[in-house]
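Pasted below: start01.cif, mmCIF, N, CA and C atoms.
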data_work
loop_
_atom_site.group_PDB
_atom_site.id
_atom_site.type_symbol
_atom_site.label_atom_id
_atom_site.label_comp_id
_atom_site.auth_asym_id
_atom_site.auth_seq_id
_atom_site.Cartn_x
_atom_site.Cartn_y
_atom_site.Cartn_z
ATOM 1 N N MET A 1 0.846 -1.167 0.000
ATOM 2 C CA MET A 1 0.000 0.000 0.000
ATOM 3 C C MET A 1 0.895 1.236 0.000
ATOM 4 N N ARG A 2 0.653 2.153 -0.912
ATOM 5 C CA ARG A 2 1.410 3.402 -0.975
ATOM 6 C C ARG A 2 0.618 4.500 -0.297
ATOM 7 N N LEU A 3 1.299 5.272 0.538
ATOM 8 C CA LEU A 3 0.666 6.368 1.259
ATOM 9 C C LEU A 3 1.513 7.615 1.132
ATOM 10 N N SER A 4 0.870 8.744 1.196
ATOM 11 C CA SER A 4 1.590 10.010 1.236
ATOM 12 C C SER A 4 2.235 10.156 2.602
ATOM 13 N N ALA A 5 3.484 10.584 2.646
ATOM 14 C CA ALA A 5 4.182 10.781 3.916
ATOM 15 C C ALA A 5 3.455 11.797 4.785
ATOM 16 N N ARG A 6 2.708 12.703 4.178
ATOM 17 C CA ARG A 6 1.969 13.709 4.955
ATOM 18 C C ARG A 6 0.899 13.078 5.821
ATOM 19 N N ASN A 7 0.454 11.899 5.450
ATOM 20 C CA ASN A 7 -0.671 11.289 6.135
ATOM 21 C C ASN A 7 -0.278 10.237 7.171
ATOM 22 N N ARG A 8 1.020 10.033 7.384
ATOM 23 C CA ARG A 8 1.475 9.025 8.342
ATOM 24 C C ARG A 8 2.197 9.693 9.501
ATOM 25 N N LEU A 9 1.845 9.271 10.713
ATOM 26 C CA LEU A 9 2.480 9.794 11.914
ATOM 27 C C LEU A 9 3.056 8.617 12.695
ATOM 28 N N LYS A 10 4.376 8.603 12.873
ATOM 29 C CA LYS A 10 5.029 7.501 13.572
ATOM 30 C C LYS A 10 5.003 7.758 15.072
ATOM 31 N N GLY A 11 4.669 6.717 15.833
ATOM 32 C CA GLY A 11 4.630 6.875 17.279
ATOM 33 C C GLY A 11 4.682 5.543 17.988
ATOM 34 N N LYS A 12 4.269 5.571 19.264
ATOM 35 C CA LYS A 12 4.286 4.378 20.100
ATOM 36 C C LYS A 12 2.915 4.215 20.756
ATOM 37 N N VAL A 13 2.392 3.002 20.727
ATOM 38 C CA VAL A 13 1.104 2.701 21.340
ATOM 39 C C VAL A 13 1.242 2.832 22.858
ATOM 40 N N VAL A 14 0.349 3.625 23.470
ATOM 41 C CA VAL A 14 0.377 3.771 24.925
ATOM 42 C C VAL A 14 -0.817 3.101 25.597
ATOM 43 N N GLU A 15 -1.903 2.869 24.836
ATOM 44 C CA GLU A 15 -3.081 2.234 25.424
ATOM 45 C C GLU A 15 -3.980 1.688 24.327
ATOM 46 N N VAL A 16 -4.563 0.523 24.571
ATOM 47 C CA VAL A 16 -5.557 -0.068 23.667
ATOM 48 C C VAL A 16 -6.786 -0.405 24.502
ATOM 49 N N THR A 17 -7.937 0.181 24.148
ATOM 50 C CA THR A 17 -9.184 -0.071 24.861
ATOM 51 C C THR A 17 -10.210 -0.587 23.872
ATOM 52 N N LYS A 18 -10.609 -1.848 24.052
ATOM 53 C CA LYS A 18 -11.604 -2.446 23.156
ATOM 54 C C LYS A 18 -13.010 -2.179 23.667
ATOM 55 N N GLY A 19 -13.909 -1.871 22.721
ATOM 56 C CA GLY A 19 -15.329 -1.752 23.005
ATOM 57 C C GLY A 19 -16.029 -2.966 22.430
ATOM 58 N N GLN A 20 -17.333 -2.842 22.173
ATOM 59 C CA GLN A 20 -18.077 -3.975 21.616
ATOM 60 C C GLN A 20 -17.590 -4.340 20.218
ATOM 61 N N THR A 21 -17.344 -3.341 19.379
ATOM 62 C CA THR A 21 -16.877 -3.606 18.014
ATOM 63 C C THR A 21 -15.668 -2.766 17.637
ATOM 64 N N THR A 22 -15.504 -1.618 18.292
ATOM 65 C CA THR A 22 -14.451 -0.660 17.941
ATOM 66 C C THR A 22 -13.490 -0.485 19.099
ATOM 67 N N ALA A 23 -12.213 -0.380 18.773
ATOM 68 C CA ALA A 23 -11.184 -0.143 19.780
ATOM 69 C C ALA A 23 -10.639 1.269 19.637
ATOM 70 N N HIS A 24 -10.230 1.847 20.744
ATOM 71 C CA HIS A 24 -9.528 3.127 20.736
ATOM 72 C C HIS A 24 -8.069 2.845 21.054
ATOM 73 N N VAL A 25 -7.214 3.252 20.143
ATOM 74 C CA VAL A 25 -5.780 3.038 20.292
ATOM 75 C C VAL A 25 -5.124 4.397 20.474
ATOM 76 N N ARG A 26 -4.511 4.608 21.649
ATOM 77 C CA ARG A 26 -3.833 5.878 21.936
ATOM 78 C C ARG A 26 -2.370 5.728 21.548
ATOM 79 N N ILE A 27 -1.891 6.681 20.743
ATOM 80 C CA ILE A 27 -0.530 6.643 20.207
ATOM 81 C C ILE A 27 0.183 7.935 20.554
ATOM 82 N N ASP A 28 1.360 7.808 21.161
ATOM 83 C CA ASP A 28 2.186 8.970 21.492
ATOM 84 C C ASP A 28 3.017 9.325 20.265
ATOM 85 N N ILE A 29 2.770 10.525 19.746
ATOM 86 C CA ILE A 29 3.486 11.020 18.565
ATOM 87 C C ILE A 29 4.404 12.146 19.044
ATOM 88 N N GLY A 30 5.588 11.796 19.485
ATOM 89 C CA GLY A 30 6.543 12.813 19.922
ATOM 90 C C GLY A 30 6.051 13.695 21.058
ATOM 91 N N GLY A 31 5.352 13.119 22.035
ATOM 92 C CA GLY A 31 4.873 13.877 23.178
ATOM 93 C C GLY A 31 3.420 14.298 23.090
ATOM 94 N N THR A 32 2.811 14.171 21.940
ATOM 95 C CA THR A 32 1.384 14.443 21.773
ATOM 96 C C THR A 32 0.678 13.115 21.566
ATOM 97 N N VAL A 33 -0.360 12.863 22.371
ATOM 98 C CA VAL A 33 -1.079 11.598 22.266
ATOM 99 C C VAL A 33 -2.337 11.798 21.434
ATOM 100 N N ILE A 34 -2.489 10.955 20.413
ATOM 101 C CA ILE A 34 -3.685 10.983 19.581
ATOM 102 C C ILE A 34 -4.425 9.661 19.775
ATOM 103 N N THR A 35 -5.712 9.658 19.459
ATOM 104 C CA THR A 35 -6.513 8.444 19.592
ATOM 105 C C THR A 35 -7.042 8.037 18.224
ATOM 106 N N ALA A 36 -6.808 6.787 17.885
ATOM 107 C CA ALA A 36 -7.312 6.226 16.635
ATOM 108 C C ALA A 36 -8.446 5.270 16.965
ATOM 109 N N SER A 37 -9.500 5.289 16.157
ATOM 110 C CA SER A 37 -10.610 4.346 16.300
ATOM 111 C C SER A 37 -10.513 3.328 15.175
ATOM 112 N N ILE A 38 -10.319 2.063 15.558
ATOM 113 C CA ILE A 38 -10.236 0.986 14.572
ATOM 114 C C ILE A 38 -11.044 -0.192 15.099
ATOM 115 N N THR A 39 -11.293 -1.168 14.263
ATOM 116 C CA THR A 39 -12.078 -2.316 14.699
ATOM 117 C C THR A 39 -11.263 -3.192 15.652
ATOM 118 N N ASN A 40 -11.989 -3.911 16.509
ATOM 119 C CA ASN A 40 -11.326 -4.883 17.383
ATOM 120 C C ASN A 40 -10.583 -5.927 16.556
ATOM 121 N N GLU A 41 -11.177 -6.296 15.424
ATOM 122 C CA GLU A 41 -10.542 -7.274 14.528
ATOM 123 C C GLU A 41 -9.188 -6.773 14.042
ATOM 124 N N ALA A 42 -9.103 -5.476 13.704
ATOM 125 C CA ALA A 42 -7.830 -4.909 13.241
ATOM 126 C C ALA A 42 -6.793 -4.917 14.365
ATOM 127 N N VAL A 43 -7.221 -4.618 15.592
ATOM 128 C CA VAL A 43 -6.298 -4.668 16.736
ATOM 129 C C VAL A 43 -5.722 -6.073 16.865
ATOM 130 N N ASP A 44 -6.586 -7.078 16.772
ATOM 131 C CA ASP A 44 -6.141 -8.463 16.895
ATOM 132 C C ASP A 44 -5.216 -8.863 15.751
ATOM 133 N N GLU A 45 -5.588 -8.504 14.510
ATOM 134 C CA GLU A 45 -4.765 -8.861 13.348
ATOM 135 C C GLU A 45 -3.385 -8.209 13.418
ATOM 136 N N LEU A 46 -3.341 -6.957 13.890
ATOM 137 C CA LEU A 46 -2.065 -6.241 13.994
ATOM 138 C C LEU A 46 -1.307 -6.593 15.265
ATOM 139 N N GLY A 47 -1.993 -7.209 16.217
ATOM 140 C CA GLY A 47 -1.359 -7.567 17.482
ATOM 141 C C GLY A 47 -0.926 -6.346 18.283
ATOM 142 N N LEU A 48 -1.722 -5.271 18.216
ATOM 143 C CA LEU A 48 -1.341 -4.026 18.874
ATOM 144 C C LEU A 48 -1.415 -4.132 20.388
ATOM 145 N N LYS A 49 -0.351 -3.637 21.044
ATOM 146 C CA LYS A 49 -0.326 -3.593 22.497
ATOM 147 C C LYS A 49 0.564 -2.434 22.926
ATOM 148 N N PRO A 50 0.375 -1.947 24.160
ATOM 149 C CA PRO A 50 1.204 -0.840 24.637
ATOM 150 C C PRO A 50 2.699 -1.144 24.493
ATOM 151 N N GLY A 51 3.430 -0.127 24.046
ATOM 152 C CA GLY A 51 4.871 -0.267 23.838
ATOM 153 C C GLY A 51 5.251 -0.538 22.394
ATOM 154 N N ASP A 52 4.294 -0.981 21.587
ATOM 155 C CA ASP A 52 4.568 -1.264 20.173
ATOM 156 C C ASP A 52 4.749 0.032 19.394
ATOM 157 N N GLY A 53 5.642 0.010 18.422
ATOM 158 C CA GLY A 53 5.740 1.099 17.465
ATOM 159 C C GLY A 53 4.576 0.984 16.490
ATOM 160 N N ALA A 54 4.050 2.115 16.046
ATOM 161 C CA ALA A 54 2.911 2.092 15.131
ATOM 162 C C ALA A 54 2.871 3.379 14.329
ATOM 163 N N TYR A 55 2.182 3.321 13.214
ATOM 164 C CA TYR A 55 1.908 4.514 12.415
ATOM 165 C C TYR A 55 0.425 4.817 12.501
ATOM 166 N N ALA A 56 0.085 6.069 12.748
ATOM 167 C CA ALA A 56 -1.295 6.526 12.635
ATOM 168 C C ALA A 56 -1.431 7.099 11.230
ATOM 169 N N VAL A 57 -2.463 6.693 10.539
ATOM 170 C CA VAL A 57 -2.714 7.182 9.190
ATOM 171 C C VAL A 57 -3.945 8.083 9.250
ATOM 172 N N VAL A 58 -3.778 9.332 8.857
ATOM 173 C CA VAL A 58 -4.881 10.292 8.872
ATOM 174 C C VAL A 58 -5.700 10.081 7.617
ATOM 175 N N LYS A 59 -6.962 9.742 7.792
ATOM 176 C CA LYS A 59 -7.853 9.462 6.673
ATOM 177 C C LYS A 59 -8.819 10.640 6.537
ATOM 178 N N ALA A 60 -8.387 11.651 5.813
ATOM 179 C CA ALA A 60 -9.205 12.848 5.641
ATOM 180 C C ALA A 60 -8.763 13.581 4.386
ATOM 181 N N SER A 61 -9.715 14.215 3.733
ATOM 182 C CA SER A 61 -9.353 14.995 2.553
ATOM 183 C C SER A 61 -8.914 16.398 2.959
ATOM 184 N N ASP A 62 -9.420 16.879 4.094
ATOM 185 C CA ASP A 62 -9.050 18.198 4.607
ATOM 186 C C ASP A 62 -8.809 18.101 6.099
ATOM 187 N N VAL A 63 -7.765 18.748 6.563
ATOM 188 C CA VAL A 63 -7.485 18.818 7.994
ATOM 189 C C VAL A 63 -7.383 20.286 8.354
ATOM 190 N N MET A 64 -8.179 20.713 9.325
ATOM 191 C CA MET A 64 -8.159 22.098 9.758
ATOM 192 C C MET A 64 -7.168 22.244 10.913
ATOM 193 N N VAL A 65 -6.343 23.260 10.846
ATOM 194 C CA VAL A 65 -5.362 23.504 11.895
ATOM 195 C C VAL A 65 -5.595 24.904 12.431
ATOM 196 N N GLY A 66 -5.612 24.993 13.748
ATOM 197 C CA GLY A 66 -5.793 26.292 14.393
ATOM 198 C C GLY A 66 -4.626 26.573 15.308
ATOM 199 N N LYS A 67 -4.523 27.805 15.725
ATOM 200 C CA LYS A 67 -3.450 28.212 16.623
ATOM 201 C C LYS A 67 -4.033 28.469 17.996
ATOM 202 N N ASP A 68 -3.304 28.057 19.042
ATOM 203 C CA ASP A 68 -3.736 28.310 20.418
ATOM 204 C C ASP A 68 -3.680 29.785 20.727
#

Mind converting the file's structure to structure tokens?
Amino acid sequence: MRLSARNRLKGKVVEVTKGQTTAHVRIDIGGTVITASITNEAVDELGLKPGDGAYAVVKASDVMVGKD
């Protein structure tokens, strides 16, 4: 699979919380923690667990950025 480098964020998994069908995977990206929502099946297939290296892929056509 080819992806634009702009859409991939390398980090480390800090927490995986499974729900009924969807899991929330928290990934530390250089000190900022983001949360990805993926299926429980994907968590199992990828074998994701805290401490693992992972890439978050931003799936959006537009991303709005604001300043604090």

Residues matched by the PyMOL selection byres ((chain A and resi 51) around 6), written as a PyMOL selection string = chain A and resi 12-14+49-50+52-53

What is the CA of Thr17 in chain A to CA of Gly66 in chain A distance in Å?
->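 Between CA of Thr17 in chain A and CA of Gly66 in chain A the gap works out to 28.6 Å.
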
Name all residues at most 8 Å from Lys18 in chain A (count all atoms listed in the file; drop same-chain ones fewer than 4 positions away) and give them as a list in words.
->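 My list of contacting residues is Thr22, Ala23, His24, Val25, Thr39 and Asn40 of chain A.
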
So what does the PyMOL selection byres (((chain A and resi 36 and name CA) around 7) and name CA) actually pick up in this one, as a list in words?
-> His24, Val25, Arg26, Ile34, Thr35, Ser37 and Ile38 of chain A

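Computed from the coordinates, the CA of Val33 in chain A to atom C of Gln20 in chain A distance equals 23.0 Å.
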
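Restricting the calculation to only C-alpha atoms, the smallest distance between Gly19 in chain A and any of A:Leu48, A:Lys67, A:Val57, A:Glu41 is found for A:Glu41.
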
Mind checking DSSP for chain A and telling me the alpha helix (DSSP H) residues as a PyMOL selection string?
-> chain A and resi 40-46

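Proximity to Gly11 in chain A at 7 Å, evaluated using all atoms listed in the file and with sequence-adjacent residues fewer than 2 positions away removed, yields Leu9, Val13, Ile27, Asp28, Ile29, Gly30, Asp52, Gly53, Ala54, Tyr55 and Ala56 of chain A.
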
In Å, how far is it from atom N of Leu46 in chain A to atom N of Asn7 in chain A?
->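 Taking atom N of Leu46 in chain A as the start and atom N of Asn7 in chain A as the end point, the length is 21.0 Å.
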